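Structure below is target-v8.pdb: PDB, C-alpha atoms, pLDDT in the B column.
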ATOM      1  CA  MET B 299      94.689 106.837 115.621  1.00 41.00           C
ATOM      2  CA  GLU B 300      97.462 106.434 113.107  1.00 51.00           C
ATOM      3  CA  ASP B 301      96.894 103.876 110.337  1.00 69.00           C
ATOM      4  CA  PHE B 302      98.119 100.459 111.233  1.00 87.00           C
ATOM      5  CA  ASP B 303      98.266  97.135 109.445  1.00 95.00           C
ATOM      6  CA  VAL B 304      98.719  93.458 110.212  1.00 96.00           C
ATOM      7  CA  SER B 305     101.040  90.984 108.552  1.00 95.00           C
ATOM      8  CA  VAL B 306      99.754  87.407 108.253  1.00 96.00           C
ATOM      9  CA  ASN B 307     102.534  84.867 107.695  1.00 95.00           C
ATOM     10  CA  GLY B 308     104.786  87.635 106.362  1.00 93.00           C
ATOM     11  CA  GLU B 309     102.298  89.363 104.028  1.00 94.00           C
ATOM     12  CA  TRP B 310     100.727  92.727 104.907  1.00 95.00           C
ATOM     13  CA  ILE B 311      96.940  92.531 104.584  1.00 94.00           C
ATOM     14  CA  SER B 312      96.565  96.018 103.095  1.00 91.00           C
ATOM     15  CA  GLU B 313      99.023  95.165 100.297  1.00 91.00           C
ATOM     16  CA  VAL B 314      97.638  91.702  99.520  1.00 88.00           C
ATOM     17  CA  THR B 315      93.878  92.263  99.861  1.00 89.00           C
ATOM     18  CA  GLY B 316      93.232  96.001  99.833  1.00 83.00           C
ATOM     19  CA  ALA B 317      91.441  95.753 103.210  1.00 92.00           C
ATOM     20  CA  ILE B 318      92.289  98.257 105.945  1.00 93.00           C
ATOM     21  CA  LEU B 319      92.689  97.154 109.569  1.00 94.00           C
ATOM     22  CA  VAL B 320      90.486  99.584 111.516  1.00 93.00           C
ATOM     23  CA  ARG B 321      90.241  97.849 114.887  1.00 93.00           C
ATOM     24  CA  ARG B 322      91.839  95.084 116.886  1.00 95.00           C
ATOM     25  CA  SER B 323      90.896  93.649 120.218  1.00 95.00           C
ATOM     26  CA  ILE B 324      93.609  91.944 122.260  1.00 95.00           C
ATOM     27  CA  PRO B 325      92.860  91.709 125.997  1.00 94.00           C
ATOM     28  CA  GLY B 326      95.648  92.964 128.261  1.00 90.00           C
ATOM     29  CA  LEU B 327      95.872  89.530 129.852  1.00 91.00           C
ATOM     30  CA  PRO B 328      94.317  86.202 128.899  1.00 92.00           C
ATOM     31  CA  GLU B 329      91.505  84.787 131.011  1.00 93.00           C
ATOM     32  CA  ALA B 330      92.707  83.331 134.317  1.00 94.00           C
ATOM     33  CA  ILE B 331      91.728  79.682 134.738  1.00 94.00           C
ATOM     34  CA  GLU B 332      91.284  78.475 138.321  1.00 94.00           C
ATOM     35  CA  ASN B 333      92.675  74.990 138.940  1.00 94.00           C
ATOM     36  CA  THR B 334      90.551  73.607 141.761  1.00 93.00           C
ATOM     37  CA  VAL B 335      89.195  70.246 142.857  1.00 94.00           C
ATOM     38  CA  GLU B 336      86.032  69.684 144.851  1.00 94.00           C
ATOM     39  CA  ILE B 337      86.042  66.607 147.062  1.00 93.00           C
ATOM     40  CA  ALA B 338      82.888  64.820 148.165  1.00 93.00           C
ATOM     41  CA  GLU B 339      81.866  65.402 151.788  1.00 91.00           C
ATOM     42  CA  ARG B 340      84.368  68.254 152.116  1.00 92.00           C
ATOM     43  CA  ASP B 341      83.353  71.896 152.176  1.00 93.00           C
ATOM     44  CA  GLY B 342      84.913  74.214 149.632  1.00 93.00           C
ATOM     45  CA  ALA B 343      87.557  73.246 147.113  1.00 93.00           C
ATOM     46  CA  ILE B 344      91.288  72.661 146.993  1.00 94.00           C
ATOM     47  CA  ASP B 345      93.050  75.435 145.130  1.00 93.00           C
ATOM     48  CA  PHE B 346      95.956  74.412 142.903  1.00 93.00           C
ATOM     49  CA  GLY B 347      96.557  77.965 141.702  1.00 92.00           C
ATOM     50  CA  SER B 348      95.680  79.646 138.444  1.00 93.00           C
ATOM     51  CA  THR B 349      96.974  79.502 134.906  1.00 92.00           C
ATOM     52  CA  TYR B 350      96.192  81.524 131.822  1.00 93.00           C
ATOM     53  CA  GLY B 351      93.766  80.275 129.199  1.00 95.00           C
ATOM     54  CA  ALA B 352      93.725  80.960 125.471  1.00 95.00           C
ATOM     55  CA  ARG B 353      93.564  84.647 124.476  1.00 95.00           C
ATOM     56  CA  PRO B 354      90.954  85.827 121.967  1.00 96.00           C
ATOM     57  CA  VAL B 355      92.041  88.272 119.263  1.00 96.00           C
ATOM     58  CA  GLY B 356      89.548  90.234 117.198  1.00 96.00           C
ATOM     59  CA  LEU B 357      90.416  92.006 113.955  1.00 95.00           C
ATOM     60  CA  ALA B 358      88.108  94.361 112.031  1.00 94.00           C
ATOM     61  CA  PHE B 359      88.805  95.290 108.409  1.00 93.00           C
ATOM     62  CA  PHE B 360      87.251  98.000 106.262  1.00 91.00           C
ATOM     63  CA  ILE B 361      86.693  96.737 102.728  1.00 89.00           C
ATOM     64  CA  ALA B 362      88.089  99.560 100.604  1.00 84.00           C
ATOM     65  CA  GLY B 363      88.227  97.906  97.170  1.00 79.00           C
ATOM     66  CA  ASP B 364      85.902  95.595  95.274  1.00 86.00           C
ATOM     67  CA  TYR B 365      83.827  94.020  98.022  1.00 85.00           C
ATOM     68  CA  ASP B 366      83.532  90.413  96.794  1.00 87.00           C
ATOM     69  CA  THR B 367      87.165  90.157  95.685  1.00 90.00           C
ATOM     70  CA  THR B 368      88.542  91.687  98.895  1.00 90.00           C
ATOM     71  CA  VAL B 369      86.363  89.563 101.199  1.00 89.00           C
ATOM     72  CA  GLY B 370      87.360  86.445  99.240  1.00 90.00           C
ATOM     73  CA  LEU B 371      91.054  87.298  99.669  1.00 92.00           C
ATOM     74  CA  LEU B 372      90.577  87.895 103.409  1.00 92.00           C
ATOM     75  CA  MET B 373      88.741  84.591 103.817  1.00 91.00           C
ATOM     76  CA  ARG B 374      91.605  82.776 102.099  1.00 92.00           C
ATOM     77  CA  LYS B 375      94.157  84.496 104.380  1.00 93.00           C
ATOM     78  CA  PHE B 376      92.320  83.546 107.579  1.00 94.00           C
ATOM     79  CA  ASN B 377      91.005  80.122 106.502  1.00 92.00           C
ATOM     80  CA  THR B 378      91.132  77.725 109.447  1.00 91.00           C
ATOM     81  CA  ARG B 379      92.805  75.067 107.298  1.00 92.00           C
ATOM     82  CA  ARG B 380      95.900  77.276 107.168  1.00 92.00           C
ATOM     83  CA  GLY B 381      96.401  76.410 110.839  1.00 92.00           C
ATOM     84  CA  GLN B 382      98.334  78.685 113.112  1.00 95.00           C
ATOM     85  CA  LEU B 383      98.917  82.150 111.689  1.00 96.00           C
ATOM     86  CA  ASP B 384     101.865  84.418 112.508  1.00 96.00           C
ATOM     87  CA  LEU B 385     100.431  87.921 113.068  1.00 96.00           C
ATOM     88  CA  VAL B 386     102.643  91.012 113.357  1.00 95.00           C
ATOM     89  CA  PHE B 387     101.105  94.469 113.798  1.00 95.00           C
ATOM     90  CA  SER B 388     102.801  97.447 112.159  1.00 93.00           C
ATOM     91  CA  ASP B 389     102.734  99.408 115.432  1.00 92.00           C
ATOM     92  CA  ARG B 390     104.225  96.457 117.364  1.00 89.00           C
ATOM     93  CA  PRO B 391     107.096  95.309 115.132  1.00 88.00           C
ATOM     94  CA  GLY B 392     109.021  92.282 116.298  1.00 86.00           C
ATOM     95  CA  LYS B 393     106.112  90.857 118.332  1.00 90.00           C
ATOM     96  CA  HIS B 394     104.571  87.727 116.848  1.00 93.00           C
ATOM     97  CA  TYR B 395     101.034  86.771 117.843  1.00 95.00           C
ATOM     98  CA  PHE B 396     100.379  83.138 116.880  1.00 96.00           C
ATOM     99  CA  GLY B 397      96.666  82.495 116.489  1.00 96.00           C
ATOM    100  CA  LYS B 398      94.102  80.400 114.651  1.00 96.00           C
ATOM    101  CA  TYR B 399      90.833  81.462 113.065  1.00 94.00           C
ATOM    102  CA  ARG B 400      88.009  80.505 115.436  1.00 93.00           C
ATOM    103  CA  GLY B 401      84.362  81.469 115.295  1.00 87.00           C
ATOM    104  CA  THR B 402      82.484  83.138 112.460  1.00 84.00           C
ATOM    105  CA  ILE B 403      83.294  86.153 110.308  1.00 82.00           C
ATOM    106  CA  SER B 404      80.681  88.806 110.967  1.00 78.00           C
ATOM    107  CA  TRP B 405      79.687  91.979 109.135  1.00 73.00           C
ATOM    108  CA  ASP B 406      79.078  95.370 110.729  1.00 64.00           C
ATOM    109  CA  GLU B 407      75.603  96.293 109.454  1.00 59.00           C
ATOM    110  CA  SER B 408      76.013  99.954 110.477  1.00 63.00           C
ATOM    111  CA  THR B 409      78.741 100.479 107.856  1.00 58.00           C
ATOM    112  CA  GLY B 410      76.749  98.987 104.992  1.00 65.00           C
ATOM    113  CA  ASN B 411      78.644  95.696 105.328  1.00 70.00           C
ATOM    114  CA  ARG B 412      81.996  97.389 104.606  1.00 85.00           C
ATOM    115  CA  VAL B 413      83.598  96.347 107.938  1.00 89.00           C
ATOM    116  CA  ILE B 414      84.052  92.678 108.714  1.00 91.00           C
ATOM    117  CA  ASP B 415      85.186  91.187 112.020  1.00 92.00           C
ATOM    118  CA  ILE B 416      87.520  88.190 112.086  1.00 94.00           C
ATOM    119  CA  PRO B 417      87.872  86.237 115.364  1.00 95.00           C
ATOM    120  CA  LEU B 418      91.124  84.474 116.223  1.00 96.00           C
ATOM    121  CA  LYS B 419      92.409  82.640 119.270  1.00 96.00           C
ATOM    122  CA  MET B 420      95.936  82.411 120.649  1.00 95.00           C
ATOM    123  CA  TYR B 421      96.276  79.016 122.354  1.00 95.00           C
ATOM    124  CA  ASP B 422      99.735  80.014 123.596  1.00 92.00           C
ATOM    125  CA  PRO B 423      98.431  83.316 124.978  1.00 92.00           C
ATOM    126  CA  PHE B 424     101.597  85.408 124.926  1.00 90.00           C
ATOM    127  CA  PRO B 425     103.294  86.931 121.872  1.00 90.00           C
ATOM    128  CA  GLU B 426     106.859  86.015 121.004  1.00 87.00           C
ATOM    129  CA  SER B 427     109.608  88.499 120.253  1.00 84.00           C
ATOM    130  CA  ASP B 428     112.326  88.682 117.625  1.00 76.00           C
ATOM    131  CA  GLU B 429     114.664  89.889 120.372  1.00 69.00           C
ATOM    132  CA  LYS B 430     117.533  87.541 121.177  1.00 65.00           C
ATOM    133  CA  ILE B 431     119.627  88.222 124.269  1.00 62.00           C
ATOM    134  CA  THR B 432     122.962  86.619 125.042  1.00 60.00           C
ATOM    135  CA  GLU B 433     123.266  86.863 128.802  1.00 60.00           C
ATOM    136  CA  LEU B 434     126.376  84.788 129.255  1.00 62.00           C
ATOM    137  CA  THR B 435     128.846  82.785 127.223  1.00 62.00           C
ATOM    138  CA  ILE B 436     130.593  79.896 128.963  1.00 63.00           C
ATOM    139  CA  THR B 437     134.087  79.520 127.610  1.00 63.00           C
ATOM    140  CA  GLN B 438     135.672  77.362 130.293  1.00 63.00           C
ATOM    141  CA  SER B 439     134.686  74.184 132.091  1.00 63.00           C
ATOM    142  CA  PRO B 440     134.126  72.739 134.673  1.00 65.00           C
ATOM    143  CA  GLN B 441     132.294  75.479 136.490  1.00 65.00           C
ATOM    144  CA  VAL B 442     128.884  76.260 137.946  1.00 66.00           C
ATOM    145  CA  ILE B 443     127.161  79.369 136.650  1.00 65.00           C
ATOM    146  CA  SER B 444     124.041  81.030 138.034  1.00 65.00           C
ATOM    147  CA  ILE B 445     122.128  83.200 135.578  1.00 63.00           C
ATOM    148  CA  GLU B 446     119.530  85.666 136.777  1.00 64.00           C
ATOM    149  CA  SER B 447     117.022  86.913 134.222  1.00 61.00           C
ATOM    150  CA  THR B 448     115.866  90.504 134.470  1.00 59.00           C
ATOM    151  CA  GLY B 449     112.537  89.792 132.726  1.00 59.00           C
ATOM    152  CA  ASP B 450     109.203  90.198 134.496  1.00 60.00           C
ATOM    153  CA  GLU B 451     107.733  86.819 133.487  1.00 64.00           C
ATOM    154  CA  ARG B 452     109.128  83.344 134.015  1.00 64.00           C
ATOM    155  CA  ALA B 453     110.101  81.816 130.676  1.00 65.00           C
ATOM    156  CA  SER B 454     111.776  78.626 129.569  1.00 66.00           C
ATOM    157  CA  PRO B 455     115.456  79.161 128.842  1.00 65.00           C
ATOM    158  CA  VAL B 456     116.938  78.500 125.420  1.00 68.00           C
ATOM    159  CA  ILE B 457     120.275  76.783 125.772  1.00 69.00           C
ATOM    160  CA  VAL B 458     122.451  76.396 122.688  1.00 71.00           C
ATOM    161  CA  LEU B 459     125.443  74.078 122.862  1.00 73.00           C
ATOM    162  CA  THR B 460     128.102  74.204 120.169  1.00 74.00           C
ATOM    163  CA  ASN B 461     131.046  71.840 120.095  1.00 75.00           C
ATOM    164  CA  THR B 462     133.820  73.636 118.245  1.00 75.00           C
ATOM    165  CA  GLY B 463     136.401  70.930 118.867  1.00 77.00           C
ATOM    166  CA  THR B 464     136.942  67.551 117.253  1.00 81.00           C
ATOM    167  CA  THR B 465     136.382  65.492 120.415  1.00 80.00           C
ATOM    168  CA  THR B 466     133.061  64.271 121.754  1.00 78.00           C
ATOM    169  CA  LEU B 467     131.598  65.991 124.814  1.00 73.00           C
ATOM    170  CA  SER B 468     131.072  63.627 127.756  1.00 75.00           C
ATOM    171  CA  ASN B 469     129.896  63.949 131.358  1.00 75.00           C
ATOM    172  CA  PHE B 470     127.969  67.117 130.541  1.00 72.00           C
ATOM    173  CA  LYS B 471     125.114  68.139 132.853  1.00 72.00           C
ATOM    174  CA  ILE B 472     122.681  71.066 132.799  1.00 69.00           C
ATOM    175  CA  SER B 473     120.225  71.593 135.638  1.00 68.00           C
ATOM    176  CA  ASN B 474     117.533  74.230 135.715  1.00 62.00           C
ATOM    177  CA  GLU B 475     115.846  74.916 139.024  1.00 62.00           C
ATOM    178  CA  TYR B 476     113.320  77.573 139.953  1.00 58.00           C
ATOM    179  CA  GLU B 477     112.987  79.123 143.383  1.00 57.00           C
ATOM    180  CA  LYS B 478     109.390  79.564 144.475  1.00 51.00           C
TER     181      LYS B 478
END

Can the structure from this file be put into C-alpha coordinates for me?
Amino acid sequence: MEDFDVSVNGEWISEVTGAILVRRSIPGLPEAIENTVEIAERDGAIDFGSTYGARPVGLAFFIAGDYDTTVGLLMRKFNTRRGQLDLVFSDRPGKHYFGKYRGTISWDESTGNRVIDIPLKMYDPFPESDEKITELTITQSPQVISIESTGDERASPVIVLTNTGTTTLSNFKISNEYEK
(Lines of atoms letter the chains of each structure in order from A and count residues from 1; the text may use other names and numbers.)
(Lines give C-alpha, C1' and ligand atoms only; values in the text may rest on other atoms or scores of the structure.)
Protein backbone atom coordinates (compact mmCIF):
# COMPACT_ATOMS: atom_id res chain seq x y z
CA MET A 1 0.00 0.00 0.00
CA GLU A 2 1.17 3.49 -0.78
CA ASP A 3 2.33 5.60 2.18
CA PHE A 4 -0.42 7.59 3.73
CA ASP A 5 -0.64 10.08 6.57
CA VAL A 6 -3.22 11.67 8.83
CA SER A 7 -3.67 15.33 9.65
CA VAL A 8 -4.88 16.12 13.18
CA ASN A 9 -6.39 19.60 13.49
CA GLY A 10 -4.49 20.70 10.38
CA GLU A 11 -1.06 19.25 11.23
CA TRP A 12 0.29 16.14 9.48
CA ILE A 13 1.44 13.58 12.05
CA SER A 14 4.50 12.48 10.07
CA GLU A 15 5.76 16.09 9.89
CA VAL A 16 5.04 16.99 13.52
CA THR A 17 6.00 13.78 15.34
CA GLY A 18 8.06 11.65 12.97
CA ALA A 19 5.60 8.74 13.41
CA ILE A 20 4.36 6.89 10.32
CA LEU A 21 0.71 5.87 9.97
CA VAL A 22 0.87 2.17 9.04
CA ARG A 23 -2.72 1.08 9.62
CA ARG A 24 -6.17 2.51 10.18
CA SER A 25 -9.40 0.79 10.98
CA ILE A 26 -12.64 2.54 10.05
CA PRO A 27 -15.65 0.22 9.73
CA GLY A 28 -17.62 0.60 6.50
CA LEU A 29 -20.71 1.51 8.51
CA PRO A 30 -21.18 2.32 12.19
CA GLU A 31 -22.90 -0.19 14.44
CA ALA A 32 -26.68 -0.30 13.94
CA ILE A 33 -28.59 0.40 17.15
CA GLU A 34 -32.04 -1.18 17.41
CA ASN A 35 -34.65 1.10 18.98
CA THR A 36 -37.13 -1.27 20.60
CA VAL A 37 -39.36 -1.32 23.66
CA GLU A 38 -40.48 -4.41 25.53
CA ILE A 39 -43.84 -4.13 27.25
CA ALA A 40 -44.84 -6.23 30.25
CA GLU A 41 -47.28 -9.05 29.52
CA ARG A 42 -46.78 -8.64 25.77
CA ASP A 43 -44.75 -11.05 23.68
CA GLY A 44 -41.90 -9.65 21.64
CA ALA A 45 -40.97 -6.00 21.36
CA ILE A 46 -42.12 -2.91 19.52
CA ASP A 47 -39.65 -1.91 16.84
CA PHE A 48 -39.06 1.81 16.37
CA GLY A 49 -36.46 1.27 13.66
CA SER A 50 -32.69 1.49 13.79
CA THR A 51 -30.17 4.29 13.99
CA TYR A 52 -26.41 4.34 13.76
CA GLY A 53 -24.23 4.41 16.86
CA ALA A 54 -20.79 5.93 17.32
CA ARG A 55 -18.09 4.66 14.93
CA PRO A 56 -14.76 3.45 16.31
CA VAL A 57 -11.58 4.51 14.51
CA GLY A 58 -8.25 2.82 15.12
CA LEU A 59 -4.90 4.29 14.09
CA ALA A 60 -1.55 2.49 14.26
CA PHE A 61 1.74 4.40 14.06
CA PHE A 62 5.27 3.10 13.55
CA ILE A 63 7.71 5.02 15.74
CA ALA A 64 10.51 5.85 13.31
CA GLY A 65 12.50 8.41 15.33
CA ASP A 66 13.51 8.66 18.97
CA TYR A 67 10.99 6.46 20.73
CA ASP A 68 10.29 8.46 23.90
CA THR A 69 10.14 11.83 22.13
CA THR A 70 7.89 10.56 19.32
CA VAL A 71 5.49 8.74 21.66
CA GLY A 72 5.30 11.86 23.86
CA LEU A 73 4.42 14.00 20.83
CA LEU A 74 1.74 11.51 19.73
CA MET A 75 0.23 11.42 23.22
CA ARG A 76 0.01 15.22 23.23
CA LYS A 77 -1.68 15.20 19.79
CA PHE A 78 -4.33 12.67 20.82
CA ASN A 79 -4.80 13.76 24.45
CA THR A 80 -8.47 13.46 25.41
CA ARG A 81 -8.44 16.96 26.90
CA ARG A 82 -8.03 18.33 23.37
CA GLY A 83 -11.63 17.26 22.77
CA GLN A 84 -12.88 16.54 19.30
CA LEU A 85 -10.12 16.14 16.73
CA ASP A 86 -10.43 16.90 13.01
CA LEU A 87 -8.78 13.99 11.15
CA VAL A 88 -8.05 14.11 7.42
CA PHE A 89 -6.30 11.20 5.69
CA SER A 90 -3.90 11.95 2.84
CA ASP A 91 -5.61 9.39 0.59
CA ARG A 92 -9.07 10.85 1.37
CA PRO A 93 -8.53 14.61 1.01
CA GLY A 94 -11.50 16.81 1.78
CA LYS A 95 -13.14 14.27 4.12
CA HIS A 96 -13.07 15.26 7.78
CA TYR A 97 -13.46 12.57 10.42
CA PHE A 98 -14.31 14.19 13.77
CA GLY A 99 -13.35 11.92 16.65
CA LYS A 100 -12.21 11.87 20.26
CA TYR A 101 -9.53 9.76 21.89
CA ARG A 102 -11.24 6.91 23.75
CA GLY A 103 -9.70 3.84 25.33
CA THR A 104 -6.04 3.11 25.97
CA ILE A 105 -2.97 3.44 23.78
CA SER A 106 -1.52 -0.01 23.25
CA TRP A 107 1.83 -1.25 21.98
CA ASP A 108 2.36 -4.02 19.43
CA GLU A 109 4.77 -6.37 21.22
CA SER A 110 5.64 -8.22 17.98
CA THR A 111 7.37 -5.12 16.57
CA GLY A 112 9.51 -4.50 19.64
CA ASN A 113 7.11 -1.79 20.83
CA ARG A 114 7.68 0.30 17.68
CA VAL A 115 3.99 0.29 16.61
CA ILE A 116 1.41 1.88 18.86
CA ASP A 117 -2.36 1.74 18.43
CA ILE A 118 -4.51 4.78 19.19
CA PRO A 119 -8.29 4.28 19.59
CA LEU A 120 -10.72 7.05 18.67
CA LYS A 121 -14.48 7.30 18.46
CA MET A 122 -16.65 9.33 16.10
CA TYR A 123 -19.84 10.25 17.98
CA ASP A 124 -21.26 11.75 14.78
CA PRO A 125 -20.42 8.62 12.78
CA PHE A 126 -20.15 10.06 9.28
CA PRO A 127 -17.30 12.16 7.88
CA GLU A 128 -17.96 15.65 6.57
CA SER A 129 -16.80 16.96 3.22
CA ASP A 130 -15.24 20.21 2.07
CA GLU A 131 -17.51 20.03 -0.97
CA LYS A 132 -20.09 22.81 -1.21
CA ILE A 133 -22.85 22.51 -3.80
CA THR A 134 -25.14 25.32 -4.87
CA GLU A 135 -28.21 23.56 -6.19
CA LEU A 136 -30.42 26.57 -6.69
CA THR A 137 -30.37 30.31 -6.21
CA ILE A 138 -33.70 32.03 -5.59
CA THR A 139 -33.67 35.47 -7.13
CA GLN A 140 -37.37 36.27 -7.19
CA SER A 141 -40.19 36.06 -4.68
CA PRO A 142 -42.90 35.00 -3.91
CA GLN A 143 -42.57 31.51 -5.28
CA VAL A 144 -42.51 27.90 -4.12
CA ILE A 145 -39.45 25.88 -5.03
CA SER A 146 -38.96 22.13 -4.69
CA ILE A 147 -35.36 20.97 -4.49
CA GLU A 148 -34.45 17.34 -5.02
CA SER A 149 -31.07 16.19 -3.75
CA THR A 150 -29.19 13.61 -5.76
CA GLY A 151 -27.25 12.33 -2.73
CA ASP A 152 -27.65 8.79 -1.42
CA GLU A 153 -28.12 9.71 2.26
CA ARG A 154 -30.65 12.03 3.84
CA ALA A 155 -28.89 15.11 5.23
CA SER A 156 -29.99 18.33 6.84
CA PRO A 157 -30.07 21.18 4.35
CA VAL A 158 -27.95 24.29 4.80
CA ILE A 159 -29.95 27.36 3.92
CA VAL A 160 -28.15 30.68 3.65
CA LEU A 161 -30.22 33.85 3.47
CA THR A 162 -28.61 37.12 2.42
CA ASN A 163 -30.48 40.39 2.37
CA THR A 164 -28.77 42.57 -0.21
CA GLY A 165 -31.30 45.39 0.05
CA THR A 166 -31.78 48.11 2.63
CA THR A 167 -35.28 47.03 3.71
CA THR A 168 -36.15 44.45 6.33
CA LEU A 169 -37.45 41.06 5.18
CA SER A 170 -40.93 40.26 6.51
CA ASN A 171 -43.45 37.45 6.08
CA PHE A 172 -40.70 35.01 5.13
CA LYS A 173 -41.37 31.28 5.55
CA ILE A 174 -39.24 28.19 4.89
CA SER A 175 -40.70 24.71 5.30
CA ASN A 176 -38.75 21.50 4.98
CA GLU A 177 -40.72 18.29 4.67
CA TYR A 178 -39.52 14.76 4.03
CA GLU A 179 -41.50 12.11 2.21
CA LYS A 180 -41.26 8.70 3.83

Which residues, named as in the file, does the PyMOL selection byres ((chain B and resi 361-372) around 8) pick out? Answer as a VMD selection string.
chain B and resid 311 314 to 318 359 to 360 373 to 376 412 to 414

Would you compute the distance between CA of Pro354 in chain B and CA of Glu336 in chain B? Give it in Å to one decimal.
28.4 Å

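Picture a line from CA of Phe396 in chain B to CA of Asp303 in chain B; it runs 16.0 Å.
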
Within 8 Å of (98.2, 84.9, 115.6) (coordinates as in the file), grab all the protein and nucleic acid residues, counting all atoms listed in the file, and write them out as a list in words.
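Protein, DNA and RNA residues close to (98.2, 84.9, 115.6): Val306, Val355, Gln382, Leu383, Asp384, Leu385, Val386, His394, Tyr395, Phe396, Gly397, Lys398, Leu418, Lys419 and Met420 of chain B.
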
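The spacing separating CA of Thr402 in chain B from CA of Pro423 in chain B amounts to 20.3 Å.
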
Name the residues captured by the PyMOL selection byres ((chain B and resi 390) around 12) when it is applied to the shown file; answer as an NGL selection string.
:B and (302-305 or 385-389 or 391-395 or 425-428)

Take the PyMOL selection byres ((chain B and resi 401) around 9), apply it to the structure above, and return the hits as a PyMOL selection string.
chain B and resi 399-400+402-403+416-418

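Between Arg321 in chain B and the candidates B:Thr334, B:Asp415, B:Tyr350, B:Gly381, the tightest atom-to-atom separation, counting all atoms listed in the file, involves B:Asp415.
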
Which residue out of B:Asp422, B:Thr378, B:Arg322, B:Arg340 has the minimum interatomic distance to Leu357 in chain B when only C-alpha atoms are used?
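Going through B:Asp422, B:Thr378, B:Arg322, B:Arg340 one by one, the smallest distance to Leu357 in chain B is for B:Arg322.
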
From the set B:Arg353, B:Asn461, B:Gly308, B:Arg379, which residue has the shortest atom-to-atom contact distance to Ala330 in chain B, counting all atoms listed in the file?
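Looking only at the distances to Ala330 in chain B, the closest residue turns out to be B:Arg353.
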